[in-house]
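Participant: Please find one structure pasted underneath; my questions will follow.
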Amino acid sequence: VAPQRVQVPQVEVKITASSEKNAQIVIALLKKHGINQIIASPGTTNIPIVGSVQNDPFFTVFSSVDERSAAYMACGLARESGKPVVLTCTGATASRNYLPGLTEAYYSKIPIIALTSLNDLQDVGNLKPQNIDRSQLPNDVVKMSVNLPVVNSSQDYWFVNHQVNRAFLETTRHGGGPVHINLNTNYMATFTTKELPNVNYVQRFFSHNQELPQIPENSKIGIFIGRHKKFTKEEEHLIDKFCEQHNGAVFGDRTNGYSGKYLLNSSLGGVNLTRKHAKFSSYAPTLTIHLGEVTGDYSSMDTFNKSNGPVWRVSEDGELRDTFKRLSYVFEMKESVFFSNYIGEHCDTKNISFFETWRKYISSLRNSIPELPFANSWIAQKTIPEIPKNSFINFGILNSLRNWNFYPMDLSIQVESNVGGFGIDGLLSTTLGASLVDKKKLYFVVLGDLAFFYDVNSLGNRHLGKNIRILLINNGTGTEFRNSSHIGSQFGEQSDQFIAAGGHFQQKFNSSVKGQSLAQAWATTIGFKYYSAKSKDEYLNILPNFMESDTDTPILVEVFTTPKDESDSLEKMVSLDKEYSLKGKAYNFSERILPKESLKKIRRNLKN
């Protein structure tokens, strides 16, 4: 006898989501990634998730009281369906019970998302009930573990969105496997959100048998390259062909390893390109292709940060590096494979209008460079044309790297900087290490006094050769912190006490040669040829000696500048754009009539 069907009264179900932003982002991205299978265990801290999905027809939700059983259920469900499965539980020991099933998933490469919840990460370790530490997991439980804070700012929003994309994509990457997401909750008991927020959905593409996305029509493509090993001629040819077929141009300073046809020296004018610029839309790329690693090219980054178009990241590591916070696609493949896929074999047309727009703009800026004070930028302007071809040059951060990238340099010269860790330490040592490769090649290093003395012990190394050339810009302080655009400048000369560490390395002392500088005493003691300059004429007189290649000793040139000249020089270089000088003119006028404290407030507001 067939059982009688029980009539259940129909209740109108309203689909609403939690008011907690981090939970909303998780749910919205689950939908974007097409993940709809959830196994829920009872609890309180996971109510923002469970309460949001239980009546949403997109999701298929199952219940399991025992979290240990739930994890194994997820293994079976994911393995049979071939799709990722979400686990959700509350705080306390609930999440601990996932470990056996997640271990199975790890070794069997089963795509499971363990979504655990807790009151607040700040309560961990402070004897709050049901708050246990999940920050360290066994090595063979999940491929990745991320923590999602409560969203209180736009930065929090971007970070949560970024972390969720990372975790979801990892479930199917390199064979797949389980991941862990730790969701903080602030116990907002409201479920009134009728529309989920806009989220940034990221896709990953691989080189094997996968159709790649099409480039939008009428694009202006900016290929932004961070620090990168030197491209081969074949790789540069591919990039050049890509630029010609897709209206592209290459950005980034000379540490980007690219010496092809379409490199732009955007450091010169990029500082001034904001959305308020009259022609910003002409200069802003509609699509950014991001290669390489960390960069010190803040000027170009500023323009790319203010652009609106999507970013495609191309790297063999396949990681989600969202430098410009608009990441759309990640291509886990060799750069040569990527560019080869987008180059037409029989395409004879050439479109480089975007490159030409930028080239003309930069040319106009270069032609308007005024007479500069005796500072790092002027020294770079006069030195770069004299550097022998096929030399090596290593720049200190930030002042030297910035100022020397204002000017074009022969493409045969290899440019480096320690922008990976981005500290002042180790510059002399890395130059020394590089110089051991080719004794016939000149190895230049340009750095400030703090960086020089930070690493000066390396000059006593017995392997140091005569092919080393050191240009020491001694301004008596960490001049970066004294520049008018830096927040440290508001303290004036007081910043030298502790912020900029001024006054350490310019003092003189009596020795066999009266009035020697510290650098001179050190250099001559260990066998360097030493020159110094305190003016433009003095520097120009010793410059030919510095460039001499056939010497019996390494050479050190010490140039004495002032923080004021360094700051004034930088302001002139970043104020070359006459089309966008209204702000500068207003400030210059204010400088004549307003007290200094008011000027500082205006400068901070303008910067904001």
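Letters for chains follow the order of the structure tokens (A, B, ...), residue numbers begin at 1 for each chain, and ligand numbers begin at 1 in the order shown.
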Can you tell me, as a PyMOL selection string, which residues in segment 7-215 of chain A count as strand (DSSP E or B) by DSSP?
Facilitator: chain A and resi 17+37-40+60-63+85-89+112-118+144-148+179-184+193+203-206
Participant: Write the residues of the preceding selection, restricted to C-alpha atoms, as a tab-separated table (two decimals), in the first residue's frame.
Facilitator:
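Output contents, as saved in result03.tsv:
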chain	number	residue	atom	x	y	z
A	17	ALA	CA	20.82	37.43	2.97
A	37	GLN	CA	26.45	22.19	-2.85
A	38	ILE	CA	26.56	22.85	0.91
A	39	ILE	CA	26.58	20.54	3.95
A	40	ALA	CA	25.63	22.49	7.08
A	60	THR	CA	21.35	22.60	-2.54
A	61	VAL	CA	21.81	22.36	1.23
A	62	PHE	CA	22.18	19.16	3.27
A	63	SER	CA	22.31	18.79	7.06
A	85	VAL	CA	31.31	21.05	-1.83
A	86	VAL	CA	31.05	23.61	0.99
A	87	LEU	CA	31.16	22.60	4.66
A	88	THR	CA	29.89	25.11	7.22
A	89	CYS	CA	30.04	24.84	11.01
A	112	ILE	CA	36.08	20.76	-0.45
A	113	ILE	CA	35.65	24.25	1.07
A	114	ALA	CA	35.67	24.09	4.87
A	115	LEU	CA	33.93	27.30	5.93
A	116	THR	CA	34.40	27.65	9.68
A	117	SER	CA	33.06	30.55	11.71
A	118	LEU	CA	34.04	32.31	14.92
A	144	MET	CA	45.21	26.90	1.55
A	145	SER	CA	43.76	28.62	4.62
A	146	VAL	CA	42.47	32.22	4.60
A	147	ASN	CA	40.89	34.44	7.23
A	148	LEU	CA	38.01	36.79	6.42
A	179	VAL	CA	40.74	24.66	1.34
A	180	HIS	CA	39.83	26.40	4.59
A	181	ILE	CA	38.03	29.74	5.02
A	182	ASN	CA	37.77	31.22	8.52
A	183	LEU	CA	34.81	33.63	8.67
A	184	ASN	CA	34.65	36.22	11.44
A	193	THR	CA	19.71	42.08	2.24
A	203	GLN	CA	39.09	33.25	-13.48
A	204	ARG	CA	42.30	31.29	-13.98
A	205	PHE	CA	43.44	29.93	-17.35
A	206	PHE	CA	46.10	27.35	-18.12
Participant: Per DSSP on the backbone, what are the helix (DSSP H, G or I) residues of segment 347-420 of chain A, as a PyMOL selection string?
Facilitator: chain A and resi 353-366+376-386+399-404
Participant: Write the residues of the preceding selection, restricted to N, CA and C atoms, as a PDB file, in the first residue's frame.
Facilitator:
ATOM      1  N   SER A 353      48.517  53.522 -31.915  1.00  0.00           N
ATOM      2  CA  SER A 353      48.066  54.876 -31.572  1.00  0.00           C
ATOM      3  C   SER A 353      48.210  55.161 -30.077  1.00  0.00           C
ATOM      4  N   PHE A 354      47.967  54.160 -29.240  1.00  0.00           N
ATOM      5  CA  PHE A 354      48.097  54.347 -27.791  1.00  0.00           C
ATOM      6  C   PHE A 354      49.555  54.642 -27.429  1.00  0.00           C
ATOM      7  N   PHE A 355      50.462  53.883 -28.014  1.00  0.00           N
ATOM      8  CA  PHE A 355      51.888  54.119 -27.789  1.00  0.00           C
ATOM      9  C   PHE A 355      52.288  55.511 -28.268  1.00  0.00           C
ATOM     10  N   GLU A 356      51.818  55.919 -29.430  1.00  0.00           N
ATOM     11  CA  GLU A 356      52.185  57.217 -29.991  1.00  0.00           C
ATOM     12  C   GLU A 356      51.661  58.365 -29.130  1.00  0.00           C
ATOM     13  N   THR A 357      50.451  58.196 -28.590  1.00  0.00           N
ATOM     14  CA  THR A 357      49.902  59.224 -27.697  1.00  0.00           C
ATOM     15  C   THR A 357      50.819  59.444 -26.505  1.00  0.00           C
ATOM     16  N   TRP A 358      51.247  58.336 -25.907  1.00  0.00           N
ATOM     17  CA  TRP A 358      52.138  58.420 -24.763  1.00  0.00           C
ATOM     18  C   TRP A 358      53.514  58.944 -25.155  1.00  0.00           C
ATOM     19  N   ARG A 359      54.031  58.496 -26.295  1.00  0.00           N
ATOM     20  CA  ARG A 359      55.376  58.911 -26.711  1.00  0.00           C
ATOM     21  C   ARG A 359      55.437  60.423 -26.902  1.00  0.00           C
ATOM     22  N   LYS A 360      54.424  60.997 -27.540  1.00  0.00           N
ATOM     23  CA  LYS A 360      54.386  62.437 -27.761  1.00  0.00           C
ATOM     24  C   LYS A 360      54.266  63.192 -26.438  1.00  0.00           C
ATOM     25  N   TYR A 361      53.453  62.646 -25.541  1.00  0.00           N
ATOM     26  CA  TYR A 361      53.280  63.280 -24.228  1.00  0.00           C
ATOM     27  C   TYR A 361      54.598  63.310 -23.455  1.00  0.00           C
ATOM     28  N   ILE A 362      55.289  62.176 -23.426  1.00  0.00           N
ATOM     29  CA  ILE A 362      56.553  62.093 -22.696  1.00  0.00           C
ATOM     30  C   ILE A 362      57.616  62.977 -23.347  1.00  0.00           C
ATOM     31  N   SER A 363      57.609  63.034 -24.673  1.00  0.00           N
ATOM     32  CA  SER A 363      58.555  63.884 -25.388  1.00  0.00           C
ATOM     33  C   SER A 363      58.349  65.351 -25.026  1.00  0.00           C
ATOM     34  N   SER A 364      57.095  65.760 -24.911  1.00  0.00           N
ATOM     35  CA  SER A 364      56.816  67.152 -24.534  1.00  0.00           C
ATOM     36  C   SER A 364      57.292  67.448 -23.122  1.00  0.00           C
ATOM     37  N   LEU A 365      57.174  66.482 -22.226  1.00  0.00           N
ATOM     38  CA  LEU A 365      57.658  66.675 -20.860  1.00  0.00           C
ATOM     39  C   LEU A 365      59.175  66.774 -20.833  1.00  0.00           C
ATOM     40  N   ARG A 366      59.819  65.897 -21.599  1.00  0.00           N
ATOM     41  CA  ARG A 366      61.287  65.879 -21.595  1.00  0.00           C
ATOM     42  C   ARG A 366      61.845  67.193 -22.129  1.00  0.00           C
ATOM     43  N   ASN A 376      70.283  64.696  -7.050  1.00  0.00           N
ATOM     44  CA  ASN A 376      70.352  63.379  -7.694  1.00  0.00           C
ATOM     45  C   ASN A 376      69.822  63.398  -9.123  1.00  0.00           C
ATOM     46  N   SER A 377      68.726  64.151  -9.350  1.00  0.00           N
ATOM     47  CA  SER A 377      68.140  64.163 -10.686  1.00  0.00           C
ATOM     48  C   SER A 377      69.059  64.843 -11.698  1.00  0.00           C
ATOM     49  N   TRP A 378      69.676  65.959 -11.306  1.00  0.00           N
ATOM     50  CA  TRP A 378      70.624  66.623 -12.214  1.00  0.00           C
ATOM     51  C   TRP A 378      71.822  65.732 -12.490  1.00  0.00           C
ATOM     52  N   ILE A 379      72.314  65.063 -11.444  1.00  0.00           N
ATOM     53  CA  ILE A 379      73.455  64.156 -11.588  1.00  0.00           C
ATOM     54  C   ILE A 379      73.115  63.031 -12.567  1.00  0.00           C
ATOM     55  N   ALA A 380      71.909  62.493 -12.458  1.00  0.00           N
ATOM     56  CA  ALA A 380      71.471  61.441 -13.383  1.00  0.00           C
ATOM     57  C   ALA A 380      71.421  61.978 -14.807  1.00  0.00           C
ATOM     58  N   GLN A 381      70.872  63.169 -14.974  1.00  0.00           N
ATOM     59  CA  GLN A 381      70.740  63.786 -16.302  1.00  0.00           C
ATOM     60  C   GLN A 381      72.098  63.910 -16.998  1.00  0.00           C
ATOM     61  N   LYS A 382      73.120  64.284 -16.243  1.00  0.00           N
ATOM     62  CA  LYS A 382      74.439  64.495 -16.830  1.00  0.00           C
ATOM     63  C   LYS A 382      75.255  63.200 -16.935  1.00  0.00           C
ATOM     64  N   THR A 383      74.953  62.204 -16.108  1.00  0.00           N
ATOM     65  CA  THR A 383      75.766  60.994 -16.062  1.00  0.00           C
ATOM     66  C   THR A 383      75.321  59.936 -17.059  1.00  0.00           C
ATOM     67  N   ILE A 384      74.022  59.766 -17.206  1.00  0.00           N
ATOM     68  CA  ILE A 384      73.491  58.676 -18.029  1.00  0.00           C
ATOM     69  C   ILE A 384      74.066  58.656 -19.447  1.00  0.00           C
ATOM     70  N   PRO A 385      74.177  59.810 -20.135  1.00  0.00           N
ATOM     71  CA  PRO A 385      74.734  59.746 -21.503  1.00  0.00           C
ATOM     72  C   PRO A 385      76.193  59.292 -21.556  1.00  0.00           C
ATOM     73  N   GLU A 386      76.890  59.337 -20.427  1.00  0.00           N
ATOM     74  CA  GLU A 386      78.312  58.989 -20.407  1.00  0.00           C
ATOM     75  C   GLU A 386      78.577  57.534 -20.019  1.00  0.00           C
ATOM     76  N   ASN A 399      65.118  57.142  -3.670  1.00  0.00           N
ATOM     77  CA  ASN A 399      65.493  58.395  -4.315  1.00  0.00           C
ATOM     78  C   ASN A 399      66.259  58.179  -5.611  1.00  0.00           C
ATOM     79  N   SER A 400      67.260  57.314  -5.597  1.00  0.00           N
ATOM     80  CA  SER A 400      68.070  57.119  -6.803  1.00  0.00           C
ATOM     81  C   SER A 400      67.273  56.415  -7.901  1.00  0.00           C
ATOM     82  N   LEU A 401      66.553  55.364  -7.545  1.00  0.00           N
ATOM     83  CA  LEU A 401      65.759  54.633  -8.533  1.00  0.00           C
ATOM     84  C   LEU A 401      64.771  55.558  -9.219  1.00  0.00           C
ATOM     85  N   ARG A 402      64.101  56.393  -8.456  1.00  0.00           N
ATOM     86  CA  ARG A 402      63.112  57.313  -9.026  1.00  0.00           C
ATOM     87  C   ARG A 402      63.775  58.322  -9.955  1.00  0.00           C
ATOM     88  N   ASN A 403      64.806  59.001  -9.471  1.00  0.00           N
ATOM     89  CA  ASN A 403      65.400  60.092 -10.235  1.00  0.00           C
ATOM     90  C   ASN A 403      66.107  59.617 -11.502  1.00  0.00           C
ATOM     91  N   TRP A 404      66.759  58.474 -11.449  1.00  0.00           N
ATOM     92  CA  TRP A 404      67.477  58.006 -12.627  1.00  0.00           C
ATOM     93  C   TRP A 404      66.547  57.417 -13.668  1.00  0.00           C
TER      94      TRP A 404
END
Participant: Enter the distance from atom CA of Asp317 of chain A to atom CA of Glu332 of chain A, in Å, rounded to one decimal.
Facilitator: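 It comes out at 6.2 Å.
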Participant: Tell me which protein, DNA and RNA residues are within 12 Å of Asn218 of chain A, counting only C-alpha atoms, leaving out same-chain ones fewer than 4 positions away, and put them as a count of residues only.
Facilitator: 11
Participant: Write out as an NGL selection string each polymer residue whose atoms come within 10 Å of segment 337-343 of chain A, counting only C-alpha atoms; drop sequence neighbours fewer than 6 positions from it.
Facilitator: :A and (206-207 or 211-215 or 235 or 237-246 or 314-315 or 331)
